[in-house]
>>> print(open('structure.cif').read())   # mmCIF, C-alpha atoms
data_protein
#
loop_
_atom_site.group_PDB
_atom_site.id
_atom_site.type_symbol
_atom_site.label_atom_id
_atom_site.label_comp_id
_atom_site.auth_asym_id
_atom_site.auth_seq_id
_atom_site.Cartn_x
_atom_site.Cartn_y
_atom_site.Cartn_z
ATOM 1 C CA MET R 277 -24.044 174.765 -132.706
ATOM 2 C CA VAL R 278 -22.280 171.690 -131.414
ATOM 3 C CA GLN R 279 -21.169 169.252 -134.068
ATOM 4 C CA ARG R 280 -20.077 165.680 -133.609
ATOM 5 C CA ASN R 281 -16.451 165.137 -134.469
ATOM 6 C CA THR R 282 -16.814 162.848 -137.492
ATOM 7 C CA TRP R 283 -14.206 161.917 -140.074
ATOM 8 C CA GLN R 284 -16.115 164.017 -142.621
ATOM 9 C CA ARG R 285 -16.017 167.110 -140.397
ATOM 10 C CA GLU R 286 -12.323 166.566 -139.727
ATOM 11 C CA ARG R 287 -11.573 166.186 -143.456
ATOM 12 C CA VAL R 288 -13.478 169.411 -144.283
ATOM 13 C CA ARG R 289 -11.525 171.201 -141.537
ATOM 14 C CA GLU R 290 -8.224 169.848 -142.918
ATOM 15 C CA ALA R 291 -9.146 170.949 -146.448
ATOM 16 C CA LEU R 292 -9.954 174.417 -145.118
ATOM 17 C CA VAL R 293 -6.583 174.598 -143.350
ATOM 18 C CA ASP R 294 -4.846 173.525 -146.590
ATOM 19 C CA ALA R 295 -6.700 176.115 -148.713
ATOM 20 C CA ARG R 296 -4.931 179.349 -149.564
ATOM 21 C CA GLY R 297 -6.938 182.311 -148.361
ATOM 22 C CA PHE R 298 -10.724 182.384 -148.272
ATOM 23 C CA VAL R 299 -12.645 179.735 -150.218
ATOM 24 C CA SER R 300 -16.278 179.078 -150.988
ATOM 25 C CA ALA R 301 -18.103 175.962 -149.854
ATOM 26 C CA GLN R 302 -18.440 174.943 -153.513
ATOM 27 C CA SER R 303 -14.701 175.275 -154.083
ATOM 28 C CA LEU R 304 -13.893 173.266 -150.977
ATOM 29 C CA HIS R 305 -16.446 170.635 -151.989
ATOM 30 C CA ALA R 306 -14.848 170.385 -155.455
ATOM 31 C CA THR R 307 -11.472 169.702 -153.831
ATOM 32 C CA LEU R 308 -12.981 167.005 -151.632
ATOM 33 C CA ARG R 309 -14.901 165.528 -154.585
ATOM 34 C CA ASP R 310 -11.670 165.344 -156.626
ATOM 35 C CA GLU R 311 -10.174 163.336 -153.748
ATOM 36 C CA ASN R 312 -13.119 160.900 -153.925
ATOM 37 C CA THR R 313 -14.025 161.477 -150.274
ATOM 38 C CA GLY R 314 -17.753 161.052 -150.855
ATOM 39 C CA ILE R 315 -18.432 164.121 -148.681
ATOM 40 C CA GLY R 316 -21.541 165.927 -149.880
ATOM 41 C CA LEU R 317 -21.999 169.644 -150.419
ATOM 42 C CA ALA R 318 -24.579 169.858 -147.601
ATOM 43 C CA THR R 319 -22.021 168.378 -145.188
ATOM 44 C CA VAL R 320 -19.444 170.940 -146.309
ATOM 45 C CA TYR R 321 -21.917 173.809 -145.749
ATOM 46 C CA ARG R 322 -22.963 172.487 -142.309
ATOM 47 C CA THR R 323 -19.373 171.932 -141.234
ATOM 48 C CA LEU R 324 -18.223 175.374 -142.370
ATOM 49 C CA ALA R 325 -21.145 177.035 -140.580
ATOM 50 C CA GLY R 326 -20.289 175.120 -137.413
ATOM 51 C CA LEU R 327 -16.578 175.923 -137.613
ATOM 52 C CA SER R 328 -17.417 179.585 -138.138
ATOM 53 C CA ALA R 329 -19.873 179.648 -135.211
ATOM 54 C CA GLN R 330 -17.257 178.069 -132.932
ATOM 55 C CA GLY R 331 -14.550 180.558 -133.972
ATOM 56 C CA ASP R 332 -12.474 177.932 -135.762
ATOM 57 C CA ALA R 333 -13.076 179.545 -139.162
ATOM 58 C CA ASP R 334 -13.374 183.111 -140.399
ATOM 59 C CA SER R 335 -16.349 183.867 -142.596
ATOM 60 C CA LEU R 336 -16.960 186.831 -144.833
ATOM 61 C CA GLN R 337 -18.951 187.856 -147.852
ATOM 62 C CA SER R 338 -17.074 188.415 -151.071
ATOM 63 C CA PRO R 339 -17.749 191.597 -153.038
ATOM 64 C CA ASP R 340 -20.057 189.388 -155.148
ATOM 65 C CA GLY R 341 -22.051 188.351 -152.058
ATOM 66 C CA GLU R 342 -20.754 184.785 -151.816
ATOM 67 C CA ALA R 343 -19.936 183.357 -148.370
ATOM 68 C CA LEU R 344 -16.227 182.581 -148.082
ATOM 69 C CA TYR R 345 -14.395 180.725 -145.318
ATOM 70 C CA ARG R 346 -10.848 180.449 -144.022
ATOM 71 C CA ALA R 347 -9.302 178.498 -141.175
ATOM 72 C CA CYS R 348 -8.952 180.968 -138.330
ATOM 73 C CA THR R 349 -5.424 181.631 -137.172
ATOM 74 C CA SER R 350 -6.251 184.343 -134.627
ATOM 75 C CA THR R 351 -8.438 184.299 -131.601
ATOM 76 C CA GLY R 352 -10.750 187.168 -130.889
ATOM 77 C CA HIS R 353 -12.039 189.929 -133.107
ATOM 78 C CA HIS R 354 -9.860 190.839 -136.088
ATOM 79 C CA HIS R 355 -9.997 192.148 -139.641
ATOM 80 C CA HIS R 356 -8.512 191.097 -142.979
ATOM 81 C CA LEU R 357 -6.701 192.478 -146.004
ATOM 82 C CA ILE R 358 -7.678 190.255 -148.925
ATOM 83 C CA CYS R 359 -6.178 190.196 -152.416
ATOM 84 C CA ARG R 360 -8.946 190.208 -155.044
ATOM 85 C CA SER R 361 -6.651 188.450 -157.487
ATOM 86 C CA CYS R 362 -4.838 185.623 -155.662
ATOM 87 C CA GLY R 363 -6.772 185.442 -152.394
ATOM 88 C CA LEU R 364 -3.788 186.163 -150.146
ATOM 89 C CA THR R 365 -5.191 187.114 -146.749
ATOM 90 C CA VAL R 366 -3.483 189.028 -143.959
ATOM 91 C CA GLU R 367 -5.064 189.327 -140.528
ATOM 92 C CA ILE R 368 -4.785 192.861 -139.181
ATOM 93 C CA GLU R 369 -5.584 194.785 -136.053
ATOM 94 C CA ALA R 370 -7.474 198.004 -136.636
ATOM 95 C CA THR R 371 -7.542 199.996 -133.416
ATOM 96 C CA ASP R 372 -8.712 203.143 -135.218
ATOM 97 C CA VAL R 373 -11.635 201.241 -136.748
ATOM 98 C CA GLU R 374 -12.558 199.765 -133.359
ATOM 99 C CA GLN R 375 -12.604 203.209 -131.738
ATOM 100 C CA TRP R 376 -14.548 204.757 -134.627
ATOM 101 C CA ALA R 377 -17.166 201.976 -134.555
ATOM 102 C CA LYS R 378 -17.674 202.359 -130.815
ATOM 103 C CA ARG R 379 -17.913 206.172 -130.983
ATOM 104 C CA THR R 380 -20.291 206.063 -133.941
ATOM 105 C CA ALA R 381 -22.596 203.533 -132.292
ATOM 106 C CA GLU R 382 -22.645 205.433 -128.992
ATOM 107 C CA SER R 383 -23.312 208.755 -130.693
ATOM 108 C CA HIS R 384 -26.494 207.242 -132.141
ATOM 109 C CA GLY R 385 -27.561 205.624 -128.870
ATOM 110 C CA PHE R 386 -26.509 202.089 -129.811
ATOM 111 C CA ARG R 387 -25.004 199.665 -127.336
ATOM 112 C CA GLU R 388 -23.408 196.259 -127.841
ATOM 113 C CA ALA R 389 -22.653 197.187 -131.453
ATOM 114 C CA GLU R 390 -20.707 194.778 -133.625
ATOM 115 C CA HIS R 391 -18.979 195.366 -136.938
ATOM 116 C CA ILE R 392 -17.169 193.572 -139.728
ATOM 117 C CA VAL R 393 -14.395 195.250 -141.683
ATOM 118 C CA ASP R 394 -12.548 193.478 -144.475
ATOM 119 C CA ILE R 395 -10.426 195.365 -146.983
ATOM 120 C CA PHE R 396 -10.180 194.028 -150.535
ATOM 121 C CA GLY R 397 -7.396 195.112 -152.885
ATOM 122 C CA LEU R 398 -4.386 193.795 -154.752
ATOM 123 C CA CYS R 399 -1.389 192.411 -152.885
ATOM 124 C CA ALA R 400 2.056 193.717 -153.864
ATOM 125 C CA SER R 401 2.800 190.722 -156.119
ATOM 126 C CA CYS R 402 -0.494 190.907 -158.018
ATOM 127 C CA ALA R 403 -0.257 194.694 -158.359
ATOM 128 C CA LYS R 404 3.274 194.357 -159.773
ATOM 129 C CA ALA R 405 2.170 191.648 -162.209
ATOM 130 C CA ARG R 406 -0.758 193.786 -163.367
ATOM 131 C CA ASP R 407 1.503 196.849 -163.805
ATOM 132 C CA GLU R 408 3.955 194.768 -165.863
ATOM 133 C CA ARG R 409 1.132 193.325 -167.961
ATOM 134 C CA ASP R 410 -0.340 196.788 -168.560
ATOM 135 C CA ALA R 411 3.093 198.145 -169.557
ATOM 136 C CA ASP R 412 3.404 195.633 -172.407
#
>>> encode(input="structure.cif", output="structure tokens")
Amino acid sequence: MVQRNTWQRERVREALVDARGFVSAQSLHATLRDENTGIGLATVYRTLAGLSAQGDADSLQSPDGEALYRACTSTGHHHHLICRSCGLTVEIEATDVEQWAKRTAESHGFREAEHIVDIFGLCASCAKARDERDAD
């Protein structure tokens, strides 16, 4: 999907870069709406899909099934650790996962297999805050 480089597309990309962690299209649109950009939700969805297809944005499904996006900081295949509380995201390499996925696919006669692995949990700060809150 080739997209023209319009000011709207550039502003959506900038907002995605400025966002902390993964964000939904609706959340990004709300930010842009609050800035009175006049950029519509359909434009945000189209732009995010295009950025994701071109490798300029990571895309994943939240545990609730919502599509979330993040400006991509790595090239090539990678995985994420994502805090369920604050959204902090860490890009990780997972050599063991890569090897397991390849072996598993081959053992079942699959070729050209692809996979997505994202790990959701609580970052150290959020876990500490929850422990302190629970101790009270």
>>> resolve_selection(input="structure.cif", expression="the PyMOL selection byres ((chain R and resi 393) around 12)", output="PyMOL selection string")
chain R and resi 335-338+353-358+367-374+376-377+390-392+394-396
>>> write_last_selection(input="structure.cif", atoms="C-alpha atoms", output="mmCIF file, in the frame of the given file")
data_model
loop_
_atom_site.group_PDB
_atom_site.id
_atom_site.type_symbol
_atom_site.label_atom_id
_atom_site.label_comp_id
_atom_site.auth_asym_id
_atom_site.auth_seq_id
_atom_site.Cartn_x
_atom_site.Cartn_y
_atom_site.Cartn_z
ATOM 1 C CA SER R 335 -16.349 183.867 -142.596
ATOM 2 C CA LEU R 336 -16.960 186.831 -144.833
ATOM 3 C CA GLN R 337 -18.951 187.856 -147.852
ATOM 4 C CA SER R 338 -17.074 188.415 -151.071
ATOM 5 C CA HIS R 353 -12.039 189.929 -133.107
ATOM 6 C CA HIS R 354 -9.860 190.839 -136.088
ATOM 7 C CA HIS R 355 -9.997 192.148 -139.641
ATOM 8 C CA HIS R 356 -8.512 191.097 -142.979
ATOM 9 C CA LEU R 357 -6.701 192.478 -146.004
ATOM 10 C CA ILE R 358 -7.678 190.255 -148.925
ATOM 11 C CA GLU R 367 -5.064 189.327 -140.528
ATOM 12 C CA ILE R 368 -4.785 192.861 -139.181
ATOM 13 C CA GLU R 369 -5.584 194.785 -136.053
ATOM 14 C CA ALA R 370 -7.474 198.004 -136.636
ATOM 15 C CA THR R 371 -7.542 199.996 -133.416
ATOM 16 C CA ASP R 372 -8.712 203.143 -135.218
ATOM 17 C CA VAL R 373 -11.635 201.241 -136.748
ATOM 18 C CA GLU R 374 -12.558 199.765 -133.359
ATOM 19 C CA TRP R 376 -14.548 204.757 -134.627
ATOM 20 C CA ALA R 377 -17.166 201.976 -134.555
ATOM 21 C CA GLU R 390 -20.707 194.778 -133.625
ATOM 22 C CA HIS R 391 -18.979 195.366 -136.938
ATOM 23 C CA ILE R 392 -17.169 193.572 -139.728
ATOM 24 C CA ASP R 394 -12.548 193.478 -144.475
ATOM 25 C CA ILE R 395 -10.426 195.365 -146.983
ATOM 26 C CA PHE R 396 -10.180 194.028 -150.535
#
>>> resolve_selection(input="structure.cif", expression="the PyMOL selection byres ((chain R and resi 321-326) around 7)", output="list in words")
Met277, Gln279, Arg285, Ala301, Leu317, Ala318, Thr319, Val320, Leu327, Ser328, Ala329 and Gln330 of chain R
>>> atom_distance(input="structure.cif", atom1="CA of Asp407 in chain R", atom2="CA of Val299 in chain R")
26.0 Å
>>> closest_residue(input="structure.cif", among="R:Glu382, R:Asp412, R:Val366, R:Arg346", to="Gly397 in chain R", atoms="all atoms listed in the file")
R:Val366
>>> resolve_selection(input="structure.cif", expression="the PyMOL selection byres ((chain R and resi 399) around 8)", output="MDAnalysis selection string")
chainID R and resid 358:359 364 397:398 400:403
>>> axis_aligned_box(input="structure.cif", around="range 308-317 of chain R", padding_each_side="6 Å", output="AutoDock Vina command-line options")
--center_x -16.1 --center_y 165.3 --center_z -152.7 --size_x 23.8 --size_y 20.7 --size_z 19.9
>>> closest_residue(input="structure.cif", among="R:Ile315, R:Ala347, R:Asp294, R:Leu304", to="Thr282 in chain R", atoms="all atoms listed in the file")
R:Ile315
>>> atom_distance(input="structure.cif", atom1="CA of His305 in chain R", atom2="CA of Asp334 in chain R")
17.3 Å
>>> atom_distance(input="structure.cif", atom1="CA of Gly352 in chain R", atom2="CA of Gly331 in chain R")
8.2 Å
